[in-house]
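Asker: Okay, so here is run-v8.pdb, and as you'll see once you scroll down, it has PDB, C-alpha atoms.
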ATOM      1  CA  MET M   1       0.000   0.000   0.000  1.00  0.00           C
ATOM      2  CA  PHE M   2       2.775   2.392   0.846  1.00  0.00           C
ATOM      3  CA  ALA M   3       6.524   1.908   1.001  1.00  0.00           C
ATOM      4  CA  THR M   4       6.782   3.427   4.453  1.00  0.00           C
ATOM      5  CA  LEU M   5       4.718   5.190   7.092  1.00  0.00           C
ATOM      6  CA  ASP M   6       7.629   7.525   7.826  1.00  0.00           C
ATOM      7  CA  GLN M   7       7.349  11.205   7.017  1.00  0.00           C
ATOM      8  CA  LEU M   8       9.778  12.868   4.658  1.00  0.00           C
ATOM      9  CA  THR M   9      11.117  16.298   5.663  1.00  0.00           C
ATOM     10  CA  ARG M  10      12.923  18.606   3.259  1.00  0.00           C
ATOM     11  CA  GLU M  11      14.121  22.170   3.338  1.00  0.00           C
ATOM     12  CA  VAL M  12      12.398  24.230   0.653  1.00  0.00           C
ATOM     13  CA  GLN M  13      13.632  27.644  -0.477  1.00  0.00           C
ATOM     14  CA  LEU M  14      10.669  30.046  -0.847  1.00  0.00           C
ATOM     15  CA  SER M  15      12.696  33.144  -1.667  1.00  0.00           C
ATOM     16  CA  GLU M  16      16.276  34.350  -1.505  1.00  0.00           C
ATOM     17  CA  ASN M  17      16.191  34.831   2.288  1.00  0.00           C
ATOM     18  CA  THR M  18      13.408  32.461   3.262  1.00  0.00           C
ATOM     19  CA  SER M  19      13.330  28.700   3.554  1.00  0.00           C
ATOM     20  CA  ILE M  20      10.941  26.358   5.341  1.00  0.00           C
ATOM     21  CA  LEU M  21      10.938  22.765   6.486  1.00  0.00           C
ATOM     22  CA  LEU M  22       8.238  20.838   4.667  1.00  0.00           C
ATOM     23  CA  THR M  23       7.155  17.471   6.059  1.00  0.00           C
ATOM     24  CA  ASP M  24       5.182  15.156   3.809  1.00  0.00           C
ATOM     25  CA  THR M  25       3.017  12.658   5.656  1.00  0.00           C
ATOM     26  CA  VAL M  26       1.505   9.557   4.087  1.00  0.00           C
ATOM     27  CA  GLY M  27      -1.556  10.065   1.947  1.00  0.00           C
ATOM     28  CA  PHE M  28      -5.018   8.958   2.962  1.00  0.00           C
ATOM     29  CA  ILE M  29      -6.267   5.645   1.664  1.00  0.00           C
ATOM     30  CA  ARG M  30      -9.893   4.559   1.601  1.00  0.00           C
ATOM     31  CA  LYS M  31     -10.772   1.370   3.461  1.00  0.00           C
ATOM     32  CA  LEU M  32      -7.412   1.104   5.212  1.00  0.00           C
ATOM     33  CA  PRO M  33      -6.988  -2.366   6.791  1.00  0.00           C
ATOM     34  CA  HIS M  34      -7.805  -2.255  10.497  1.00  0.00           C
ATOM     35  CA  HIS M  35      -4.326  -3.379  11.648  1.00  0.00           C
ATOM     36  CA  LEU M  36      -2.734  -0.334   9.933  1.00  0.00           C
ATOM     37  CA  VAL M  37      -5.100   2.347  11.240  1.00  0.00           C
ATOM     38  CA  ALA M  38      -3.181   2.986  14.498  1.00  0.00           C
ATOM     39  CA  SER M  39       0.153   3.264  12.688  1.00  0.00           C
ATOM     40  CA  PHE M  40      -1.358   5.574  10.113  1.00  0.00           C
ATOM     41  CA  ARG M  41      -2.809   7.907  12.741  1.00  0.00           C
ATOM     42  CA  ALA M  42       0.454   7.902  14.697  1.00  0.00           C
ATOM     43  CA  THR M  43       2.266   9.306  11.661  1.00  0.00           C
ATOM     44  CA  LEU M  44      -0.248  12.154  11.520  1.00  0.00           C
ATOM     45  CA  GLU M  45       0.202  13.177  15.146  1.00  0.00           C
ATOM     46  CA  GLU M  46       3.373  15.054  14.208  1.00  0.00           C
ATOM     47  CA  VAL M  47       1.199  17.617  12.439  1.00  0.00           C
ATOM     48  CA  ALA M  48       0.580  19.080  15.907  1.00  0.00           C
ATOM     49  CA  GLU M  49       4.117  20.512  15.693  1.00  0.00           C
ATOM     50  CA  ALA M  50       3.495  22.242  12.351  1.00  0.00           C
ATOM     51  CA  ASP M  51       3.075  25.997  11.984  1.00  0.00           C
ATOM     52  CA  ILE M  52       0.698  25.543   9.066  1.00  0.00           C
ATOM     53  CA  LEU M  53      -0.945  22.486   7.523  1.00  0.00           C
ATOM     54  CA  LEU M  54      -1.025  22.071   3.759  1.00  0.00           C
ATOM     55  CA  HIS M  55      -3.955  19.884   2.812  1.00  0.00           C
ATOM     56  CA  VAL M  56      -3.159  18.755  -0.737  1.00  0.00           C
ATOM     57  CA  ILE M  57      -6.238  17.629  -2.638  1.00  0.00           C
ATOM     58  CA  ASP M  58      -6.447  16.038  -6.090  1.00  0.00           C
ATOM     59  CA  VAL M  59      -8.989  18.381  -7.695  1.00  0.00           C
ATOM     60  CA  SER M  60      -9.289  16.074 -10.717  1.00  0.00           C
ATOM     61  CA  HIS M  61     -10.638  13.238  -8.562  1.00  0.00           C
ATOM     62  CA  PRO M  62     -14.453  13.032  -8.696  1.00  0.00           C
ATOM     63  CA  ALA M  63     -14.709  12.461  -4.922  1.00  0.00           C
ATOM     64  CA  TRP M  64     -12.267  15.207  -3.855  1.00  0.00           C
ATOM     65  CA  ASP M  65     -14.827  16.855  -1.551  1.00  0.00           C
ATOM     66  CA  GLU M  66     -15.570  13.605   0.261  1.00  0.00           C
ATOM     67  CA  GLN M  67     -11.830  12.996   0.670  1.00  0.00           C
ATOM     68  CA  ARG M  68     -11.350  16.521   2.048  1.00  0.00           C
ATOM     69  CA  THR M  69     -14.125  15.960   4.579  1.00  0.00           C
ATOM     70  CA  VAL M  70     -12.556  12.670   5.758  1.00  0.00           C
ATOM     71  CA  VAL M  71      -9.160  14.339   6.246  1.00  0.00           C
ATOM     72  CA  ASP M  72     -10.755  17.248   8.125  1.00  0.00           C
ATOM     73  CA  GLY M  73     -12.492  14.732  10.401  1.00  0.00           C
ATOM     74  CA  VAL M  74      -9.249  12.899  11.203  1.00  0.00           C
ATOM     75  CA  LEU M  75      -7.434  16.186  11.875  1.00  0.00           C
ATOM     76  CA  SER M  76     -10.235  17.122  14.249  1.00  0.00           C
ATOM     77  CA  GLU M  77      -9.969  13.742  16.005  1.00  0.00           C
ATOM     78  CA  ILE M  78      -6.246  14.198  16.645  1.00  0.00           C
ATOM     79  CA  GLY M  79      -6.844  17.717  17.996  1.00  0.00           C
ATOM     80  CA  VAL M  80      -5.351  19.930  15.295  1.00  0.00           C
ATOM     81  CA  SER M  81      -8.492  21.305  13.642  1.00  0.00           C
ATOM     82  CA  GLY M  82      -7.625  24.805  14.918  1.00  0.00           C
ATOM     83  CA  LYS M  83      -4.206  24.875  13.225  1.00  0.00           C
ATOM     84  CA  PRO M  84      -3.766  27.293  10.336  1.00  0.00           C
ATOM     85  CA  ARG M  85      -4.490  25.364   7.170  1.00  0.00           C
ATOM     86  CA  LEU M  86      -4.009  25.981   3.489  1.00  0.00           C
ATOM     87  CA  HIS M  87      -6.046  23.897   1.053  1.00  0.00           C
ATOM     88  CA  VAL M  88      -3.913  23.151  -1.993  1.00  0.00           C
ATOM     89  CA  PHE M  89      -5.849  21.828  -4.976  1.00  0.00           C
ATOM     90  CA  ASN M  90      -3.369  19.961  -7.167  1.00  0.00           C
ATOM     91  CA  LYS M  91      -3.579  18.482 -10.685  1.00  0.00           C
ATOM     92  CA  ILE M  92      -5.367  21.416 -12.292  1.00  0.00           C
ATOM     93  CA  ASP M  93      -3.499  20.399 -15.453  1.00  0.00           C
ATOM     94  CA  GLN M  94      -5.762  17.333 -15.676  1.00  0.00           C
ATOM     95  CA  LEU M  95      -8.920  19.423 -16.021  1.00  0.00           C
ATOM     96  CA  ALA M  96     -10.094  21.063 -19.223  1.00  0.00           C
ATOM     97  CA  GLU M  97      -9.789  24.842 -19.047  1.00  0.00           C
ATOM     98  CA  ASP M  98     -13.574  25.248 -19.457  1.00  0.00           C
ATOM     99  CA  ASP M  99     -14.142  22.886 -16.497  1.00  0.00           C
ATOM    100  CA  LEU M 100     -11.521  24.429 -14.218  1.00  0.00           C
ATOM    101  CA  PHE M 101     -13.026  27.895 -13.854  1.00  0.00           C
ATOM    102  CA  PRO M 102     -16.444  26.804 -12.468  1.00  0.00           C
ATOM    103  CA  ILE M 103     -14.795  24.265 -10.142  1.00  0.00           C
ATOM    104  CA  GLU M 104     -12.324  26.875  -8.903  1.00  0.00           C
ATOM    105  CA  THR M 105     -15.138  29.396  -8.350  1.00  0.00           C
ATOM    106  CA  ALA M 106     -17.249  26.875  -6.414  1.00  0.00           C
ATOM    107  CA  ILE M 107     -14.288  25.857  -4.250  1.00  0.00           C
ATOM    108  CA  ARG M 108     -13.304  29.465  -3.507  1.00  0.00           C
ATOM    109  CA  ASP M 109     -16.909  30.144  -2.417  1.00  0.00           C
ATOM    110  CA  GLN M 110     -16.632  27.263   0.051  1.00  0.00           C
ATOM    111  CA  ILE M 111     -12.925  27.587   1.003  1.00  0.00           C
ATOM    112  CA  PRO M 112     -11.844  31.182   0.226  1.00  0.00           C
ATOM    113  CA  ASP M 113      -8.086  30.868   0.775  1.00  0.00           C
ATOM    114  CA  SER M 114      -7.623  27.877  -1.522  1.00  0.00           C
ATOM    115  CA  VAL M 115      -4.619  27.579  -3.818  1.00  0.00           C
ATOM    116  CA  PHE M 116      -4.728  25.879  -7.226  1.00  0.00           C
ATOM    117  CA  VAL M 117      -1.532  24.295  -8.519  1.00  0.00           C
ATOM    118  CA  SER M 118      -0.018  21.880 -10.968  1.00  0.00           C
ATOM    119  CA  ALA M 119       3.132  20.080  -9.918  1.00  0.00           C
ATOM    120  CA  ILE M 120       4.072  19.283 -13.510  1.00  0.00           C
ATOM    121  CA  THR M 121       3.522  22.533 -15.430  1.00  0.00           C
ATOM    122  CA  PRO M 122       6.074  25.350 -15.573  1.00  0.00           C
ATOM    123  CA  ASP M 123       5.399  27.828 -12.761  1.00  0.00           C
ATOM    124  CA  GLY M 124       2.555  25.564 -11.617  1.00  0.00           C
ATOM    125  CA  LEU M 125       3.622  25.772  -7.965  1.00  0.00           C
ATOM    126  CA  ASP M 126       4.056  29.566  -7.915  1.00  0.00           C
ATOM    127  CA  PRO M 127       0.628  30.186  -6.301  1.00  0.00           C
ATOM    128  CA  LEU M 128       1.615  27.856  -3.433  1.00  0.00           C
ATOM    129  CA  GLN M 129       4.962  29.583  -3.007  1.00  0.00           C
ATOM    130  CA  ARG M 130       3.257  33.000  -2.811  1.00  0.00           C
ATOM    131  CA  ALA M 131       0.656  31.717  -0.334  1.00  0.00           C
ATOM    132  CA  LEU M 132       3.348  30.205   1.906  1.00  0.00           C
ATOM    133  CA  LEU M 133       5.399  33.414   1.851  1.00  0.00           C
ATOM    134  CA  SER M 134       2.282  35.379   2.773  1.00  0.00           C
ATOM    135  CA  ALA M 135       1.428  32.997   5.629  1.00  0.00           C
ATOM    136  CA  LEU M 136       5.002  33.100   6.874  1.00  0.00           C
ATOM    137  CA  ARG M 137       5.079  36.892   6.821  1.00  0.00           C
ATOM    138  CA  THR M 138       1.983  37.110   9.005  1.00  0.00           C
ATOM    139  CA  ARG M 139       3.716  34.852  11.555  1.00  0.00           C
ATOM    140  CA  ARG M 140       6.955  36.838  11.314  1.00  0.00           C
ATOM    141  CA  PRO M 141       6.225  40.545  11.758  1.00  0.00           C
ATOM    142  CA  VAL M 142       8.716  43.231  10.779  1.00  0.00           C
ATOM    143  CA  THR M 143      10.950  43.767  13.794  1.00  0.00           C
ATOM    144  CA  GLU M 144      13.753  46.216  14.534  1.00  0.00           C
ATOM    145  CA  VAL M 145      16.780  44.767  16.302  1.00  0.00           C
ATOM    146  CA  ARG M 146      19.593  46.903  17.756  1.00  0.00           C
ATOM    147  CA  LEU M 147      22.827  45.218  18.785  1.00  0.00           C
ATOM    148  CA  PRO M 148      26.540  45.981  18.920  1.00  0.00           C
ATOM    149  CA  VAL M 149      28.271  45.762  15.530  1.00  0.00           C
ATOM    150  CA  THR M 150      30.817  43.493  17.218  1.00  0.00           C
ATOM    151  CA  ASN M 151      28.258  40.765  18.011  1.00  0.00           C
ATOM    152  CA  GLY M 152      28.922  38.664  14.924  1.00  0.00           C
ATOM    153  CA  LYS M 153      27.247  35.573  16.386  1.00  0.00           C
ATOM    154  CA  LEU M 154      23.832  37.255  16.796  1.00  0.00           C
ATOM    155  CA  ILE M 155      24.145  39.077  13.470  1.00  0.00           C
ATOM    156  CA  ALA M 156      24.820  35.758  11.734  1.00  0.00           C
ATOM    157  CA  GLU M 157      21.868  34.139  13.522  1.00  0.00           C
ATOM    158  CA  ILE M 158      19.532  36.911  12.356  1.00  0.00           C
ATOM    159  CA  HIS M 159      20.732  36.571   8.758  1.00  0.00           C
ATOM    160  CA  ARG M 160      20.399  32.777   8.939  1.00  0.00           C
ATOM    161  CA  GLU M 161      16.959  32.554  10.567  1.00  0.00           C
ATOM    162  CA  ALA M 162      15.145  35.756   9.619  1.00  0.00           C
ATOM    163  CA  GLU M 163      14.226  37.602   6.447  1.00  0.00           C
ATOM    164  CA  VAL M 164      16.475  40.669   6.648  1.00  0.00           C
ATOM    165  CA  LEU M 165      14.886  43.691   4.987  1.00  0.00           C
ATOM    166  CA  ASP M 166      17.635  46.241   5.617  1.00  0.00           C
ATOM    167  CA  GLN M 167      20.346  47.226   8.059  1.00  0.00           C
ATOM    168  CA  ARG M 168      22.281  50.360   8.977  1.00  0.00           C
ATOM    169  CA  HIS M 169      24.893  51.543  11.454  1.00  0.00           C
ATOM    170  CA  GLU M 170      24.372  54.146  14.164  1.00  0.00           C
ATOM    171  CA  GLY M 171      27.646  54.624  15.997  1.00  0.00           C
ATOM    172  CA  GLU M 172      28.594  51.287  17.545  1.00  0.00           C
ATOM    173  CA  GLU M 173      25.146  49.777  16.971  1.00  0.00           C
ATOM    174  CA  LEU M 174      23.821  47.834  14.018  1.00  0.00           C
ATOM    175  CA  ILE M 175      20.106  48.307  13.400  1.00  0.00           C
ATOM    176  CA  ILE M 176      18.492  45.478  11.472  1.00  0.00           C
ATOM    177  CA  ARG M 177      14.918  45.475  10.179  1.00  0.00           C
ATOM    178  CA  ALA M 178      13.826  41.900   9.609  1.00  0.00           C
ATOM    179  CA  ARG M 179      10.870  39.545   9.641  1.00  0.00           C
ATOM    180  CA  LEU M 180      11.425  37.144  12.510  1.00  0.00           C
ATOM    181  CA  ASP M 181       9.357  34.867  14.670  1.00  0.00           C
ATOM    182  CA  ALA M 182       8.703  35.173  18.403  1.00  0.00           C
ATOM    183  CA  ALA M 183      11.206  32.437  19.320  1.00  0.00           C
ATOM    184  CA  LEU M 184      14.096  34.239  17.619  1.00  0.00           C
ATOM    185  CA  ALA M 185      12.985  37.584  19.085  1.00  0.00           C
ATOM    186  CA  GLY M 186      13.072  36.007  22.551  1.00  0.00           C
ATOM    187  CA  ARG M 187      16.559  34.565  22.030  1.00  0.00           C
ATOM    188  CA  LEU M 188      17.840  37.923  20.801  1.00  0.00           C
ATOM    189  CA  LYS M 189      16.393  39.724  23.842  1.00  0.00           C
ATOM    190  CA  SER M 190      17.920  37.141  26.182  1.00  0.00           C
ATOM    191  CA  ALA M 191      21.302  37.713  24.519  1.00  0.00           C
ATOM    192  CA  GLY M 192      21.074  41.463  25.174  1.00  0.00           C
ATOM    193  CA  ALA M 193      19.768  42.814  21.860  1.00  0.00           C
ATOM    194  CA  LYS M 194      17.088  45.508  21.863  1.00  0.00           C
ATOM    195  CA  VAL M 195      14.034  44.221  19.990  1.00  0.00           C
ATOM    196  CA  TRP M 196      10.971  46.247  18.893  1.00  0.00           C
ATOM    197  CA  ARG M 197       8.001  44.650  17.141  1.00  0.00           C
TER     198      ARG M 197
END
Let me see the structure of the file written as structure tokens.
Answerer:
Amino acid sequence: MFATLDQLTREVQLSENTSILLTDTVGFIRKLPHHLVASFRATLEEVAEADILLHVIDVSHPAWDEQRTVVDGVLSEIGVSGKPRLHVFNKIDQLAEDDLFPIETAIRDQIPDSVFVSAITPDGLDPLQRALLSALRTRRPVTEVRLPVTNGKLIAEIHREAEVLDQRHEGEELIIRARLDAALAGRLKSAGAKVWR
């Protein structure tokens, strides 16, 4: 049925300064044998650690809405229904252009923030990339960090883990404007940097 129940995690570059870790869990299978159900659900419990869930749906499948409902039910059962979620409708390349527009319109009426992609066409994943960057930016507000220009370790950490927008010197201080998350902001404060959100 599947080669493994293990998740696959990869680093994905969204833009020049922004990368994410993307974990792919096993897909859902109808009428899963009873002895595999517990193992299957155990692999999904790691989604509780995710910042955002990408629910990838085969829009060309005639029962896509039923499949979406089943997945939503399982996510609710494991206690992650409140997590931010992005519905990604894949395989738009398998639909005729005249069929795609009404389907897309109906889906957007039901699930407004949906993204429509094709993994095999040129630029087919661009809408997903833009949506992920947008979601990431809302979680990482623009923050001003002031620290001594001599603190190379913290400066490197900011450039490695944040999206640096600009930086300038004021005397012995370096002022960096960057998009960074709360965890990094906390570490910077603990290390003596001045942080304003």
Asker: Applying the PyMOL selection byres ((chain M and resi 184-190) around 9) to the file I just gave you, which residues come out? Please list them as an NGL selection string.
Answerer: :M and (143 or 145 or 154 or 157-158 or 161-162 or 180-183 or 191-197)
Asker: Around (11.8, 22.0, 0.9) in the file's own coordinates, what residues are found within 8 Å if you use all atoms listed in the file, given back as a PDB file with C-alpha atoms, in the frame of the given file?
Answerer:
ATOM      1  CA  THR M   9      11.117  16.298   5.663  1.00  0.00           C
ATOM      2  CA  ARG M  10      12.923  18.606   3.259  1.00  0.00           C
ATOM      3  CA  GLU M  11      14.121  22.170   3.338  1.00  0.00           C
ATOM      4  CA  VAL M  12      12.398  24.230   0.653  1.00  0.00           C
ATOM      5  CA  GLN M  13      13.632  27.644  -0.477  1.00  0.00           C
ATOM      6  CA  SER M  19      13.330  28.700   3.554  1.00  0.00           C
ATOM      7  CA  ILE M  20      10.941  26.358   5.341  1.00  0.00           C
ATOM      8  CA  LEU M  21      10.938  22.765   6.486  1.00  0.00           C
ATOM      9  CA  LEU M  22       8.238  20.838   4.667  1.00  0.00           C
TER      10      LEU M  22
END
Asker: Could you produce a table of the residues of stretch 115-173 of chain M lying within 8 Å of stretch 93-100 of chain M, with the nearest pair of atoms per residue and their separation in Å rounded to one decimal, using all atoms listed in the file, ordered by chain and increasing residue number, as CSV?
Answerer:
residue,atom,partner,partner_atom,distance
M:Ser118,CA,M:Asp93,CA,5.9
M:Ile120,CA,M:Asp93,CA,7.9
M:Thr121,CA,M:Asp93,CA,7.3
Asker: Which neighbours of M:Arg68 fall inside 10 Å, counting all atoms listed in the file, when residues of the same chain fewer than 5 positions from it are skipped, and could you give them as a list in words?
Answerer: Phe28, His55, Val56, Ile57, Asp58, Ala63, Gly73 and His87 of chain M
Asker: Quick one: everything within 10 Å of M:Glu170, counting all atoms listed in the file, minus sequence neighbours fewer than 3 positions away in the same chain. Send it as an mmCIF file with C-alpha atoms, keeping the file's coordinate frame.
Answerer:
data_model
loop_
_atom_site.group_PDB
_atom_site.id
_atom_site.type_symbol
_atom_site.label_atom_id
_atom_site.label_comp_id
_atom_site.auth_asym_id
_atom_site.auth_seq_id
_atom_site.Cartn_x
_atom_site.Cartn_y
_atom_site.Cartn_z
ATOM 1 C CA ARG M 146 19.593 46.903 17.756
ATOM 2 C CA PRO M 148 26.540 45.981 18.920
ATOM 3 C CA VAL M 149 28.271 45.762 15.530
ATOM 4 C CA GLU M 173 25.146 49.777 16.971
ATOM 5 C CA LEU M 174 23.821 47.834 14.018
ATOM 6 C CA ILE M 175 20.106 48.307 13.400
#
Asker: What lies within 12 Å of M:Val88 using all atoms listed in the file, ignoring chain neighbours under 3 positions off, as an MDAnalysis selection string?
Answerer: chainID M and resid 53:59 64 68 85 91:92 104 107:108 111:119 124:129 131:132
Asker: Calculate how many Å separate atom CA of M:Leu136 from atom CA of M:Glu163, rounding to one decimal.
Answerer: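 According to the coordinates, atom CA of M:Leu136 and atom CA of M:Glu163 are separated by 10.3 Å.
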Asker: Please compute the atom CA of M:Glu46-atom CA of M:Pro84 distance, one decimal, in Å.
Answerer: 14.7 Å
